[in-house]
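Below is one structure, written out as structure tokens; the observations come after it.
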Amino acid sequence: MIDYKPAEGFSKPSNDIINYLHSLSWQEVAQLPDHRGNNLRKTISKVVKLNKDNICIGAGISEFINILPDLMKAEFGNNTTNIVVVPTYKPLLEASHKYDSNLVKVYLKEGNAFEWSDELTKKIIQIMNKADRRCVLWLCSPNNPCGTVIPLNIFELLANQPKCILIIDEAFIEYLDDYIDSSAVSLIKKYNNIIVLRTFSKIYSCAGLRIGYAISDKRWINKINKLILYYNTSTIAQRCASLVIKDTGYINNLRIIIREAKNFFYKEIAKINNVKIGSNSQSNLVVLKSSGFDLYNYLLQNRVLTKDLSGLDGMPDGYIRVGLKSLKSSNILIEFLKMTT
Ligand SMILES: Cc1ncc(COP(=O)(O)O)c(C=O)c1O
């Protein structure tokens, strides 16, 4: 089976990680980890140009997605309106209505290639203005599955709404060349109502280590610290994350590989009549739609596994998602797609 389904990292982790793992001392296994990942927070603080008190280490974004509904409930009771923009990462959507508090879904439009629009901003601000309570807005940028990105000025506009708490999943942000400037993290010094979630599972290819981080105003970080497990991440995961976040060459190289794979894929698919790309993805994920046949099952019968998006809230029928890895893997997929014409 050729596997295009996973959203997580796909390449060998940084050599610094491989070398470290080979030289691991038994003490690092035997002793307890630093329970708040002090050294890793220091390293991240230099990268994101914030204080280490603005950072909390977690067992992947999943840990934060798991506790944030509890935190919002502890802060505001059931008195919140949750707004979620779909399609989005399913666990994020599920977290947004974990406690059955008021949920409003807002849709990225297929006709607009799942891009953010002024209409969407207006709609969200209208909902917030009408609400007589706190509004928690759950966003994913770059979006999973579509790879589309929310512009920074939109985050700022939303953060300026008085009732708004912004939770932004940036699992795929490092795929952008200018990720430091286009990330919502650059607003955290100015606004105290933004929580950004990041992970080492995607471009850094460390999904098995289970490590990520939340960045926010100190007040939110203190509250998150009270809800997470005391020893939530291992010494090994913390050390690997510290090594790879310093290895800028590693992600620079992967961005080049993905850009090459994507450019080729977009160019070649334009020549195939009955399969279309659904969005202008800024990550390694690409959504595809077929006309007149079942693309997911056609590929599956040819032993090519993709992510079937049917039934995903906000995603019209007939879409699949593929994770591109390299020029070679794009080429193989294109050859299968050509055979459909
Ligand atoms: C958008 C998004 N957020 C979060 C996650 C989970 O990340 P982690 O491995 O850090 O828990 C995923 C995994 O697929 C994802 O696609």
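Here, A, B, ... name the chains of the structure tokens in the order displayed, residue numbers run from 1 inside each chain, and ligands are numbered from 1 in the same displayed order.
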Distance limit 6 Å, reference ligand 1, atoms considered: only C-alpha atoms and all ligand atoms. Which residues make the cut? Give them as a VMD selection string. chain A and resid 7 to 8 60 to 62 89 144 169 171 199 201 207 212
Go ahead and write the residues just picked, N, CA and C atoms, as a short mmCIF file (atom, residue, chain, number, x, y, z; two decimals), in the first residue's frame.
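Below is the file that was written, again-v3.cif:
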data_model
loop_
_atom_site.label_atom_id
_atom_site.label_comp_id
_atom_site.auth_asym_id
_atom_site.auth_seq_id
_atom_site.Cartn_x
_atom_site.Cartn_y
_atom_site.Cartn_z
N ALA A 7 -1.22 12.96 8.23
CA ALA A 7 -0.97 14.41 8.23
C ALA A 7 0.33 14.70 8.95
N GLU A 8 0.85 13.72 9.70
CA GLU A 8 2.05 14.00 10.49
C GLU A 8 3.31 14.00 9.62
N GLY A 60 1.97 17.13 22.94
CA GLY A 60 1.37 17.40 21.63
C GLY A 60 0.23 18.40 21.78
N ILE A 61 -0.22 18.91 20.64
CA ILE A 61 -1.38 19.82 20.66
C ILE A 61 -2.58 19.08 21.26
N SER A 62 -2.62 17.76 21.05
CA SER A 62 -3.76 16.97 21.54
C SER A 62 -4.01 17.20 23.03
N TYR A 89 -9.87 20.56 11.68
CA TYR A 89 -9.36 19.34 12.31
C TYR A 89 -10.44 18.82 13.27
N ASN A 144 -6.35 22.27 8.46
CA ASN A 144 -6.37 20.84 8.13
C ASN A 144 -7.84 20.51 7.90
N ASP A 169 -4.98 26.78 16.29
CA ASP A 169 -4.16 25.58 16.09
C ASP A 169 -3.22 25.86 14.91
N ALA A 171 -0.65 23.83 13.93
CA ALA A 171 0.14 22.60 13.77
C ALA A 171 1.02 22.61 12.52
N THR A 199 3.11 22.25 17.48
CA THR A 199 3.51 20.85 17.69
C THR A 199 4.84 20.52 17.03
N SER A 201 5.00 17.46 15.89
CA SER A 201 4.56 16.25 15.17
C SER A 201 4.59 16.40 13.66
N ALA A 207 6.21 12.99 15.76
CA ALA A 207 4.87 12.68 16.29
C ALA A 207 4.91 11.60 17.38
N GLY A 212 4.52 19.21 22.16
CA GLY A 212 4.08 20.43 21.51
C GLY A 212 4.10 21.55 22.53
#
I need the residues in region 132-279 of chain A that are strand (DSSP E or B) according to DSSP; give them as a short mmCIF file (atom, residue, chain, number, x, y, z; two decimals) with C-alpha atoms, in the first residue's frame.
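states_17.cif written:
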data_model
loop_
_atom_site.label_atom_id
_atom_site.label_comp_id
_atom_site.auth_asym_id
_atom_site.auth_seq_id
_atom_site.Cartn_x
_atom_site.Cartn_y
_atom_site.Cartn_z
CA ARG A 134 -17.92 35.28 26.06
CA CYS A 135 -17.16 33.96 22.55
CA VAL A 136 -14.48 31.29 22.13
CA LEU A 137 -13.34 31.15 18.52
CA TRP A 138 -11.63 27.89 17.45
CA LEU A 139 -9.40 28.29 14.38
CA CYS A 140 -6.89 26.16 12.50
CA CYS A 164 -13.48 37.12 22.04
CA ILE A 165 -11.02 34.40 23.13
CA LEU A 166 -9.04 33.10 20.15
CA ILE A 167 -7.73 29.52 20.15
CA ILE A 168 -5.53 28.97 17.10
CA ASP A 169 -4.16 25.58 16.09
CA ILE A 194 -5.04 34.59 22.14
CA ILE A 195 -3.88 31.00 22.75
CA VAL A 196 -1.71 29.53 19.99
CA LEU A 197 -1.02 25.78 19.79
CA ARG A 198 2.06 24.33 18.08
CA THR A 199 3.51 20.85 17.69
CA GLY A 212 4.08 20.43 21.51
CA TYR A 213 3.56 23.82 23.13
CA ALA A 214 0.98 26.50 23.86
CA ILE A 215 1.85 30.19 23.67
CA SER A 216 -0.26 32.86 25.28
CA VAL A 275 -9.55 15.46 -10.82
CA LYS A 276 -9.28 18.99 -9.41
CA ILE A 277 -7.35 20.57 -6.55
#
Selection near Leu209 (chain A), 8 Å with only C-alpha atoms, sequence-local residues under 3 positions removed, as an MDAnalysis selection string: chainID A and resid 201 206 236:237
Find the spatial neighbours of Tyr175 (chain A), counting only C-alpha atoms, within a cut-off of 10 Å - ignore same-chain residues fewer than 4 positions away - and output them as a PDB file with C-alpha atoms, in the first residue's frame.
ATOM      1  CA  PRO A 142      -2.953  26.500   8.065  1.00  0.00           C
ATOM      2  CA  GLY A 147      -4.004  24.070   3.942  1.00  0.00           C
ATOM      3  CA  ALA A 171       0.138  22.598  13.771  1.00  0.00           C
ATOM      4  CA  TYR A 179       5.930  31.570   9.473  1.00  0.00           C
ATOM      5  CA  LYS A 202       4.339  17.808  11.707  1.00  0.00           C
ATOM      6  CA  ILE A 203       7.267  19.412   9.883  1.00  0.00           C
ATOM      7  CA  ILE A 251      12.910  22.756   8.268  1.00  0.00           C
ATOM      8  CA  ASN A 252      14.355  25.009   5.561  1.00  0.00           C
ATOM      9  CA  LEU A 254      11.885  20.286   4.111  1.00  0.00           C
ATOM     10  CA  ARG A 255      10.124  23.422   2.907  1.00  0.00           C
ATOM     11  CA  ILE A 256      12.141  23.256  -0.317  1.00  0.00           C
ATOM     12  CA  ILE A 258       7.538  20.236  -0.202  1.00  0.00           C
ATOM     13  CA  ARG A 259       7.486  23.299  -2.455  1.00  0.00           C
ATOM     14  CA  GLN A 282       0.202  26.436   2.189  1.00  0.00           C
ATOM     15  CA  SER A 283       1.148  23.147   3.880  1.00  0.00           C
ATOM     16  CA  ASN A 284       1.972  19.607   2.741  1.00  0.00           C
TER      17      ASN A 284
END
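With distances restricted to only C-alpha atoms, A:Leu312 is the closest residue to Leu93 (chain A) from A:Lys289, A:Ile124, A:Val304, A:Leu312.
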Point out the residue among A:Pro91, A:Gly58, A:Gly292, A:Gly318 with the least atom-to-atom distance to Gly278 (chain A), counting only C-alpha atoms. A:Gly318
Just the residues within 8 Å of Val106 (chain A), please, counting only C-alpha atoms, with nothing from its chain fewer than 4 positions along; format it as a ChimeraX atom specification. /A:83-86,120,123-124
Which residues are close to Asp294 (chain A), i.e. within 10 Å by only C-alpha atoms, leaving aside same-chain residues fewer than 3 positions away? Reply as an MDAnalysis selection string. chainID A and resid 289:291 297:299 318:320
If I take CA of Ser205 (chain A) and CA of Asp181 (chain A), how far is one from the other in Å, to one decimal?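 Computing the Euclidean distance for CA of Ser205 (chain A) and CA of Asp181 (chain A) yields 22.5 Å.
Closest approach to Asp313 (chain A) among A:Ile224, A:Ile257, A:Ala131, A:Leu108 is made by A:Leu108 (distances from only C-alpha atoms).
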